[in-house]
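Here the structure comes first, spelled out in structure tokens, and everything after it is commentary.
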Amino acid sequence: NNQSTTHIACTSQRHDSKVNMNRILQRFSVASVVGRGSIVRFPERSFLGATFLTRRKIVPFSTTARVKSELAKQRHVRLGDTAPNFTAKSTEGDISLHEYLGDSWGVLFSHPADFTPVCTTELGRVAQLKSEWESRNVKPIGYSINSNADHAKWIQDINETQNCKVDFPLIDGSDKSVALLYGMLDPDELDAEGLPLTVRSVFVIDPQKIVRMILTYPASTGRNFNEILRVIDSLQMTAYKKLATPADWNKGDRAVILPSVSNEEAEKLFPGFTTIKPYLRTTDKY
Ligand code: BEZ
């Protein structure tokens, strides 16, 4: 993925000179020009030896600097890290993350903004899956850089349109601190002021507060929460049963015995397990 970004500054003022400039620039496969003091960013991608332009973005100089400075403040979370703790207002009262999770698993998930269509369906889906989270001892927590007041208003829409009751906390993200703490801001999703928004990040946190799964979907793609439940099932198989899960596994399918389990121990835990190769042992007794 040879992604590069071409920056072009242009101060042309008159429309015809813009058009001429456009033509010149397009001949060089670079960009079109819009207005005084603008930067035109054109990410290029290579495919089968050809370079072509994928997406046009027009970003004022001042915004680019602000975006960069905003993104530079972000920290990043990796698998195996202790989930950064935070205290924040939420739609369910003040929350201190670690204390709120207690002995439960957690799913901290961000979305771009309140009152947007895909996010409305996602939050509705999380609410509809209440019994699935509960049966796995999981607490979902939503996040966007909107205020508690926005969240509260929007929840009414979600409940009305998605036939559900949102009763898990949405964190007040108006100070962006959690987005910065977890590295949820995306350089390409900008708000009306041209500043980065969160996209669709998910952090699964175990009862020891260790981050066990991270995924990020683009703003335009709603997440599959059944897949997130499936991953939690798999993580819990490993945590509680010394089993891993093969490709496309679903609950009930044969699972894989962890390589760290000896054959002797495997015989006790999973009597009659199948050895396909010494390193590939399966069982459905779990
Ligand atoms: C949405 O939630 O519908 C959405 C948000 C940002 C970009 C695209 C879609």
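Ligands are numbered from 1 in the order shown, residues from 1 within each chain, and chains are lettered A, B, ... in the order they appear in the structure tokens.
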
Write out as a list in words each polymer residue (protein, DNA or RNA) that has an atom no more than 9 Å from ligand 1, with only C-alpha atoms and all ligand atoms counted.
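Checking only C-alpha atoms and all ligand atoms against ligand 1 at 9 Å gives His111, Pro112, Ala113, Asp114, Phe115, Thr116, Pro117, Val118, Cys119, Thr120, Thr121, Glu122, Glu189, Leu197, Val199, Pro218, Ala219, Ser220, Thr221 and Gly222 of chain A.
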
Excluding same-chain residues fewer than 2 positions from Tyr143 in chain A, what lies within 8 Å of it counting only C-alpha atoms, as an mmCIF file with N, CA and C atoms, in the first residue's frame?
data_model
loop_
_atom_site.group_PDB
_atom_site.id
_atom_site.type_symbol
_atom_site.label_atom_id
_atom_site.label_comp_id
_atom_site.auth_asym_id
_atom_site.auth_seq_id
_atom_site.Cartn_x
_atom_site.Cartn_y
_atom_site.Cartn_z
ATOM 1 N N LEU A 108 -15.486 -1.431 25.429
ATOM 2 C CA LEU A 108 -15.498 0.029 25.254
ATOM 3 C C LEU A 108 -15.469 0.285 23.748
ATOM 4 N N PHE A 109 -16.521 0.915 23.241
ATOM 5 C CA PHE A 109 -16.565 1.113 21.783
ATOM 6 C C PHE A 109 -16.895 2.557 21.447
ATOM 7 N N SER A 110 -16.148 3.095 20.483
ATOM 8 C CA SER A 110 -16.401 4.476 20.055
ATOM 9 C C SER A 110 -17.163 4.481 18.745
ATOM 10 N N HIS A 111 -17.789 5.610 18.459
ATOM 11 C CA HIS A 111 -18.460 5.807 17.168
ATOM 12 C C HIS A 111 -18.273 7.272 16.793
ATOM 13 N N ILE A 141 -19.841 -0.207 26.943
ATOM 14 C CA ILE A 141 -19.748 1.235 27.238
ATOM 15 C C ILE A 141 -19.515 1.958 25.911
ATOM 16 N N ILE A 145 -17.373 11.895 20.877
ATOM 17 C CA ILE A 145 -16.945 13.160 21.488
ATOM 18 C C ILE A 145 -18.111 14.133 21.659
ATOM 19 N N LEU A 170 -23.211 5.781 28.019
ATOM 20 C CA LEU A 170 -22.489 6.491 26.959
ATOM 21 C C LEU A 170 -21.656 7.552 27.663
ATOM 22 N N ILE A 171 -20.369 7.524 27.428
ATOM 23 C CA ILE A 171 -19.455 8.448 28.109
ATOM 24 C C ILE A 171 -19.566 9.838 27.498
ATOM 25 N N ASP A 172 -19.589 10.854 28.345
ATOM 26 C CA ASP A 172 -19.522 12.242 27.879
ATOM 27 C C ASP A 172 -18.116 12.468 27.323
ATOM 28 N N GLY A 173 -18.058 12.668 26.005
ATOM 29 C CA GLY A 173 -16.736 12.791 25.364
ATOM 30 C C GLY A 173 -16.398 14.208 24.966
#

With DSSP run on the backbone, what are the alpha helix (DSSP H) residues within range 118-182 of chain A? I'd like them as a short mmCIF file (atom, residue, chain, number, x, y, z; two decimals) with all heavy atoms, in the first residue's frame.
data_model
loop_
_atom_site.label_atom_id
_atom_site.label_comp_id
_atom_site.auth_asym_id
_atom_site.auth_seq_id
_atom_site.Cartn_x
_atom_site.Cartn_y
_atom_site.Cartn_z
N VAL A 118 -25.70 5.36 10.87
CA VAL A 118 -25.09 4.06 11.17
C VAL A 118 -24.94 3.90 12.68
O VAL A 118 -25.23 2.83 13.25
CB VAL A 118 -23.73 3.92 10.44
CG1 VAL A 118 -23.05 2.62 10.83
CG2 VAL A 118 -23.91 4.00 8.93
N CYS A 119 -24.50 4.96 13.34
CA CYS A 119 -24.32 4.90 14.80
C CYS A 119 -25.64 4.60 15.50
O CYS A 119 -25.67 3.88 16.50
CB CYS A 119 -23.75 6.22 15.31
SG CYS A 119 -22.18 6.66 14.57
N THR A 120 -26.71 5.15 14.99
CA THR A 120 -28.03 4.90 15.61
C THR A 120 -28.34 3.40 15.57
O THR A 120 -28.80 2.83 16.57
CB THR A 120 -29.11 5.71 14.87
OG1 THR A 120 -28.76 7.09 14.94
CG2 THR A 120 -30.48 5.50 15.48
N THR A 121 -28.06 2.77 14.43
CA THR A 121 -28.34 1.32 14.34
C THR A 121 -27.40 0.53 15.25
O THR A 121 -27.79 -0.45 15.87
CB THR A 121 -28.21 0.81 12.90
OG1 THR A 121 -26.86 0.96 12.44
CG2 THR A 121 -29.15 1.53 11.96
N GLU A 122 -26.14 0.98 15.33
CA GLU A 122 -25.17 0.25 16.17
C GLU A 122 -25.56 0.29 17.64
O GLU A 122 -25.55 -0.73 18.33
CB GLU A 122 -23.78 0.85 16.02
CG GLU A 122 -23.07 0.48 14.75
CD GLU A 122 -21.60 0.79 14.83
OE1 GLU A 122 -21.20 1.73 15.54
OE2 GLU A 122 -20.82 0.07 14.20
N LEU A 123 -25.87 1.48 18.12
CA LEU A 123 -26.21 1.60 19.55
C LEU A 123 -27.49 0.82 19.85
O LEU A 123 -27.62 0.19 20.90
CB LEU A 123 -26.36 3.07 19.94
CG LEU A 123 -25.10 3.88 20.27
CD1 LEU A 123 -24.71 3.70 21.72
CD2 LEU A 123 -23.92 3.61 19.37
N GLY A 124 -28.41 0.83 18.89
CA GLY A 124 -29.64 0.05 19.05
C GLY A 124 -29.32 -1.44 19.15
O GLY A 124 -29.87 -2.16 19.98
N ARG A 125 -28.40 -1.88 18.32
CA ARG A 125 -28.05 -3.30 18.31
C ARG A 125 -27.41 -3.72 19.64
O ARG A 125 -27.71 -4.78 20.19
CB ARG A 125 -27.09 -3.58 17.14
CG ARG A 125 -26.79 -5.03 16.93
CD ARG A 125 -28.02 -5.79 16.46
NE ARG A 125 -27.78 -7.22 16.43
CZ ARG A 125 -28.61 -8.13 16.94
NH1 ARG A 125 -29.75 -7.78 17.50
NH2 ARG A 125 -28.32 -9.42 16.87
N VAL A 126 -26.54 -2.85 20.14
CA VAL A 126 -25.90 -3.18 21.44
C VAL A 126 -26.97 -3.30 22.52
O VAL A 126 -26.93 -4.22 23.35
CB VAL A 126 -24.84 -2.11 21.81
CG1 VAL A 126 -24.30 -2.33 23.22
CG2 VAL A 126 -23.69 -2.13 20.80
N ALA A 127 -27.96 -2.41 22.48
CA ALA A 127 -29.03 -2.48 23.48
C ALA A 127 -29.86 -3.76 23.29
O ALA A 127 -30.21 -4.43 24.27
CB ALA A 127 -29.91 -1.25 23.37
N GLN A 128 -30.16 -4.10 22.04
CA GLN A 128 -30.96 -5.31 21.79
C GLN A 128 -30.24 -6.57 22.28
O GLN A 128 -30.87 -7.56 22.61
CB GLN A 128 -31.23 -5.47 20.29
CG GLN A 128 -32.20 -4.44 19.72
CD GLN A 128 -32.13 -4.39 18.20
OE1 GLN A 128 -31.40 -5.16 17.57
NE2 GLN A 128 -32.88 -3.46 17.61
N LYS A 130 -28.65 -7.05 24.97
CA LYS A 130 -28.45 -6.97 26.44
C LYS A 130 -28.25 -8.35 27.08
O LYS A 130 -27.32 -8.57 27.84
CB LYS A 130 -29.65 -6.25 27.06
CG LYS A 130 -29.59 -6.08 28.57
CD LYS A 130 -30.86 -5.36 29.03
CE LYS A 130 -31.05 -5.38 30.52
NZ LYS A 130 -30.29 -4.36 31.24
N SER A 131 -29.14 -9.28 26.75
CA SER A 131 -29.05 -10.59 27.43
C SER A 131 -27.79 -11.34 27.01
O SER A 131 -27.24 -12.13 27.77
CB SER A 131 -30.30 -11.43 27.15
OG SER A 131 -30.38 -11.69 25.77
N GLU A 132 -27.32 -11.09 25.79
CA GLU A 132 -26.08 -11.75 25.33
C GLU A 132 -24.86 -11.21 26.09
O GLU A 132 -23.96 -11.96 26.47
CB GLU A 132 -25.88 -11.53 23.82
CG GLU A 132 -26.99 -12.09 22.96
CD GLU A 132 -27.07 -13.61 23.01
OE1 GLU A 132 -26.05 -14.26 23.28
OE2 GLU A 132 -28.18 -14.13 22.79
N TRP A 133 -24.83 -9.89 26.31
CA TRP A 133 -23.72 -9.34 27.10
C TRP A 133 -23.78 -9.89 28.52
O TRP A 133 -22.77 -10.32 29.08
CB TRP A 133 -23.79 -7.80 27.15
CG TRP A 133 -23.84 -7.11 25.82
CD1 TRP A 133 -24.84 -6.29 25.37
CD2 TRP A 133 -22.87 -7.15 24.76
NE1 TRP A 133 -24.55 -5.84 24.10
CE2 TRP A 133 -23.34 -6.34 23.70
CE3 TRP A 133 -21.65 -7.80 24.59
CZ2 TRP A 133 -22.65 -6.16 22.51
CZ3 TRP A 133 -20.95 -7.62 23.41
CH2 TRP A 133 -21.44 -6.82 22.38
N GLU A 134 -25.01 -9.88 29.09
CA GLU A 134 -25.14 -10.30 30.49
C GLU A 134 -24.75 -11.77 30.66
O GLU A 134 -24.07 -12.12 31.63
CB GLU A 134 -26.59 -10.08 30.95
CG GLU A 134 -26.84 -8.63 31.28
CD GLU A 134 -28.28 -8.33 31.69
OE1 GLU A 134 -29.13 -9.25 31.64
OE2 GLU A 134 -28.55 -7.18 32.07
N SER A 135 -25.14 -12.62 29.72
CA SER A 135 -24.84 -14.04 29.90
C SER A 135 -23.34 -14.30 29.83
O SER A 135 -22.85 -15.33 30.28
CB SER A 135 -25.60 -14.89 28.87
OG SER A 135 -25.06 -14.67 27.59
N ASN A 148 -22.94 14.74 27.27
CA ASN A 148 -23.98 13.93 27.92
C ASN A 148 -25.38 14.38 27.49
O ASN A 148 -26.27 13.55 27.31
CB ASN A 148 -23.85 14.10 29.44
CG ASN A 148 -23.63 12.78 30.12
OD1 ASN A 148 -23.42 11.76 29.48
ND2 ASN A 148 -23.69 12.79 31.44
N ALA A 149 -25.53 15.70 27.32
CA ALA A 149 -26.85 16.23 26.94
C ALA A 149 -27.23 15.71 25.54
O ALA A 149 -28.37 15.29 25.31
CB ALA A 149 -26.83 17.75 26.96
N ASP A 150 -26.28 15.71 24.61
CA ASP A 150 -26.54 15.15 23.28
C ASP A 150 -26.89 13.66 23.37
O ASP A 150 -27.84 13.19 22.75
CB ASP A 150 -25.30 15.29 22.38
CG ASP A 150 -25.18 16.68 21.77
OD1 ASP A 150 -26.16 17.45 21.85
OD2 ASP A 150 -24.10 16.98 21.22
N HIS A 151 -26.08 12.95 24.13
CA HIS A 151 -26.32 11.50 24.28
C HIS A 151 -27.76 11.25 24.77
O HIS A 151 -28.46 10.39 24.24
CB HIS A 151 -25.37 10.88 25.30
CG HIS A 151 -23.93 10.80 24.89
ND1 HIS A 151 -23.51 10.74 23.59
CD2 HIS A 151 -22.80 10.73 25.65
CE1 HIS A 151 -22.18 10.64 23.56
NE2 HIS A 151 -21.73 10.64 24.79
N ALA A 152 -28.15 12.02 25.78
CA ALA A 152 -29.46 11.79 26.39
C ALA A 152 -30.58 12.02 25.37
O ALA A 152 -31.54 11.24 25.30
CB ALA A 152 -29.63 12.69 27.61
N LYS A 153 -30.44 13.08 24.57
CA LYS A 153 -31.46 13.35 23.55
C LYS A 153 -31.47 12.25 22.48
O LYS A 153 -32.51 11.79 22.04
CB LYS A 153 -31.17 14.69 22.86
CG LYS A 153 -31.97 15.84 23.41
CD LYS A 153 -31.79 17.07 22.53
CE LYS A 153 -31.26 18.21 23.38
NZ LYS A 153 -30.37 19.14 22.73
N TRP A 154 -30.27 11.87 22.08
CA TRP A 154 -30.14 10.90 20.98
C TRP A 154 -30.67 9.52 21.41
O TRP A 154 -31.27 8.80 20.61
CB TRP A 154 -28.67 10.83 20.57
CG TRP A 154 -28.35 9.90 19.44
CD1 TRP A 154 -29.05 9.75 18.27
CD2 TRP A 154 -27.25 8.99 19.37
NE1 TRP A 154 -28.44 8.82 17.47
CE2 TRP A 154 -27.34 8.35 18.13
CE3 TRP A 154 -26.20 8.67 20.23
CZ2 TRP A 154 -26.41 7.38 17.72
CZ3 TRP A 154 -25.26 7.73 19.82
CH2 TRP A 154 -25.38 7.10 18.58
N ILE A 155 -30.47 9.17 22.68
CA ILE A 155 -30.95 7.87 23.17
C ILE A 155 -32.45 7.73 22.93
O ILE A 155 -32.94 6.65 22.60
CB ILE A 155 -30.57 7.69 24.67
CG1 ILE A 155 -29.08 7.33 24.78
CG2 ILE A 155 -31.43 6.61 25.33
CD1 ILE A 155 -28.57 7.25 26.21
N GLN A 156 -33.16 8.86 23.07
CA GLN A 156 -34.62 8.79 22.83
C GLN A 156 -34.89 8.37 21.38
O GLN A 156 -35.77 7.55 21.10
CB GLN A 156 -35.26 10.15 23.09
CG GLN A 156 -35.21 10.54 24.56
CD GLN A 156 -35.71 11.97 24.78
OE1 GLN A 156 -36.42 12.53 23.97
NE2 GLN A 156 -35.30 12.56 25.88
N ASP A 157 -34.12 8.92 20.44
CA ASP A 157 -34.27 8.53 19.02
C ASP A 157 -33.92 7.05 18.82
O ASP A 157 -34.57 6.33 18.07
CB ASP A 157 -33.34 9.35 18.12
CG ASP A 157 -33.75 10.81 18.01
OD1 ASP A 157 -34.80 11.17 18.57
OD2 ASP A 157 -33.01 11.57 17.35
N ILE A 158 -32.83 6.63 19.46
CA ILE A 158 -32.39 5.24 19.29
C ILE A 158 -33.49 4.29 19.79
O ILE A 158 -33.89 3.34 19.11
CB ILE A 158 -31.07 4.96 20.04
CG1 ILE A 158 -29.96 5.88 19.56
CG2 ILE A 158 -30.65 3.50 19.86
CD1 ILE A 158 -28.70 5.83 20.42
N ASN A 159 -33.98 4.59 20.99
CA ASN A 159 -35.02 3.73 21.56
C ASN A 159 -36.25 3.68 20.67
O ASN A 159 -36.84 2.61 20.46
CB ASN A 159 -35.41 4.21 22.96
CG ASN A 159 -34.28 3.99 23.97
OD1 ASN A 159 -33.35 3.24 23.70
ND2 ASN A 159 -34.37 4.66 25.11
N GLU A 160 -36.58 4.86 20.12
CA GLU A 160 -37.79 4.93 19.29
C GLU A 160 -37.61 4.17 17.97
O GLU A 160 -38.47 3.41 17.55
CB GLU A 160 -38.09 6.41 19.01
CG GLU A 160 -39.27 6.66 18.09
CD GLU A 160 -39.25 8.10 17.58
OE1 GLU A 160 -38.83 9.02 18.32
OE2 GLU A 160 -39.63 8.29 16.41
N THR A 161 -36.47 4.40 17.32
CA THR A 161 -36.31 3.85 15.95
C THR A 161 -35.79 2.42 15.94
O THR A 161 -36.01 1.69 14.97
CB THR A 161 -35.35 4.72 15.12
OG1 THR A 161 -34.06 4.74 15.76
CG2 THR A 161 -35.86 6.14 14.99
N GLN A 162 -35.07 2.01 16.98
CA GLN A 162 -34.45 0.67 16.96
C GLN A 162 -35.19 -0.30 17.89
O GLN A 162 -34.75 -1.43 18.10
CB GLN A 162 -32.97 0.73 17.38
CG GLN A 162 -32.17 1.76 16.60
CD GLN A 162 -32.20 1.52 15.10
OE1 GLN A 162 -31.87 0.43 14.63
NE2 GLN A 162 -32.61 2.53 14.34
N SER A 177 -10.97 13.51 26.16
CA SER A 177 -9.84 12.91 26.89
C SER A 177 -9.75 11.39 26.68
O SER A 177 -8.66 10.86 26.52
CB SER A 177 -9.92 13.25 28.38
OG SER A 177 -11.15 12.81 28.91
N VAL A 178 -10.91 10.73 26.63
CA VAL A 178 -10.87 9.27 26.47
C VAL A 178 -10.42 8.91 25.04
O VAL A 178 -9.65 7.96 24.83
CB VAL A 178 -12.24 8.64 26.81
CG1 VAL A 178 -12.28 7.16 26.48
CG2 VAL A 178 -12.56 8.87 28.29
N ALA A 179 -10.85 9.71 24.07
CA ALA A 179 -10.42 9.48 22.68
C ALA A 179 -8.90 9.58 22.57
O ALA A 179 -8.25 8.77 21.89
CB ALA A 179 -11.08 10.50 21.75
N LEU A 180 -8.33 10.57 23.28
CA LEU A 180 -6.87 10.75 23.23
C LEU A 180 -6.15 9.63 24.00
O LEU A 180 -5.12 9.13 23.57
CB LEU A 180 -6.49 12.11 23.81
CG LEU A 180 -6.99 13.32 23.01
CD1 LEU A 180 -6.72 14.62 23.76
CD2 LEU A 180 -6.35 13.37 21.62
N LEU A 181 -6.75 9.23 25.11
CA LEU A 181 -6.15 8.19 25.95
C LEU A 181 -6.07 6.85 25.22
O LEU A 181 -5.11 6.09 25.37
CB LEU A 181 -7.01 8.04 27.21
CG LEU A 181 -6.49 7.31 28.41
CD1 LEU A 181 -5.22 7.94 28.93
CD2 LEU A 181 -7.57 7.31 29.52
N TYR A 182 -7.10 6.56 24.42
CA TYR A 182 -7.17 5.26 23.72
C TYR A 182 -6.75 5.35 22.25
O TYR A 182 -6.72 4.33 21.57
CB TYR A 182 -8.59 4.68 23.83
CG TYR A 182 -8.81 3.97 25.15
CD1 TYR A 182 -9.03 4.66 26.32
CD2 TYR A 182 -8.79 2.57 25.21
CE1 TYR A 182 -9.22 4.01 27.52
CE2 TYR A 182 -8.97 1.90 26.41
CZ TYR A 182 -9.19 2.62 27.56
OH TYR A 182 -9.36 1.96 28.75
#

Looking at A:Met237, A:Val107, A:Ala83, A:Ile257, which one is nearest to Phe225 in chain A, with distances taken over only C-alpha atoms?
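Smallest distance to Phe225 in chain A is found for A:Val107.
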
Counting only C-alpha atoms, what is within 7 Å of Tyr217 in chain A, bar same-chain residues fewer than 5 positions away, as a PyMOL selection string?
chain A and resi 199-201+223

Got time to write the residues from that selection, C-alpha atoms, as an mmCIF file, in the first residue's frame?
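Done, and the output landed in out-v9.cif:
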data_model
loop_
_atom_site.group_PDB
_atom_site.id
_atom_site.type_symbol
_atom_site.label_atom_id
_atom_site.label_comp_id
_atom_site.auth_asym_id
_atom_site.auth_seq_id
_atom_site.Cartn_x
_atom_site.Cartn_y
_atom_site.Cartn_z
ATOM 1 C CA VAL A 199 -14.274 6.168 14.338
ATOM 2 C CA ARG A 200 -15.535 2.684 15.204
ATOM 3 C CA SER A 201 -12.939 1.393 17.666
ATOM 4 C CA ARG A 223 -19.935 -3.231 13.114
#

Kindly give the distance, in Å, that separates CA of Leu229 in chain A and CA of Leu269 in chain A, rounded to a single decimal.
24.8 Å

To test your reading of the structure, identify every residue in range 146-200 of chain A that backbone DSSP assigns to strand (DSSP E), and report it as a PDB file with C-alpha atoms, in the first residue's frame.
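Full text of out.pdb as output:
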ATOM      1  CA  LEU A 170     -22.489   6.491  26.959  1.00  0.00           C
ATOM      2  CA  ILE A 171     -19.455   8.448  28.109  1.00  0.00           C
ATOM      3  CA  LEU A 185      -9.288   9.768  16.677  1.00  0.00           C
ATOM      4  CA  ASP A 186      -9.091   9.239  12.943  1.00  0.00           C
ATOM      5  CA  PRO A 187      -7.135  11.567  10.641  1.00  0.00           C
ATOM      6  CA  ASP A 188      -9.676  11.242   7.851  1.00  0.00           C
ATOM      7  CA  GLU A 189     -12.992  11.659   9.696  1.00  0.00           C
ATOM      8  CA  LEU A 190     -13.340  15.337  10.488  1.00  0.00           C
ATOM      9  CA  PRO A 196     -10.679  14.601  13.931  1.00  0.00           C
ATOM     10  CA  LEU A 197     -13.597  12.466  15.045  1.00  0.00           C
ATOM     11  CA  THR A 198     -13.523   9.079  16.651  1.00  0.00           C
ATOM     12  CA  ARG A 200     -15.535   2.684  15.204  1.00  0.00           C
TER      13      ARG A 200
END

With distances taken over only C-alpha atoms, which of A:Arg281, A:Leu195, A:Gly252, A:Met213 is nearest to Ser69 in chain A?
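Once distances to Ser69 in chain A are computed over only C-alpha atoms, the minimum belongs to A:Leu195.
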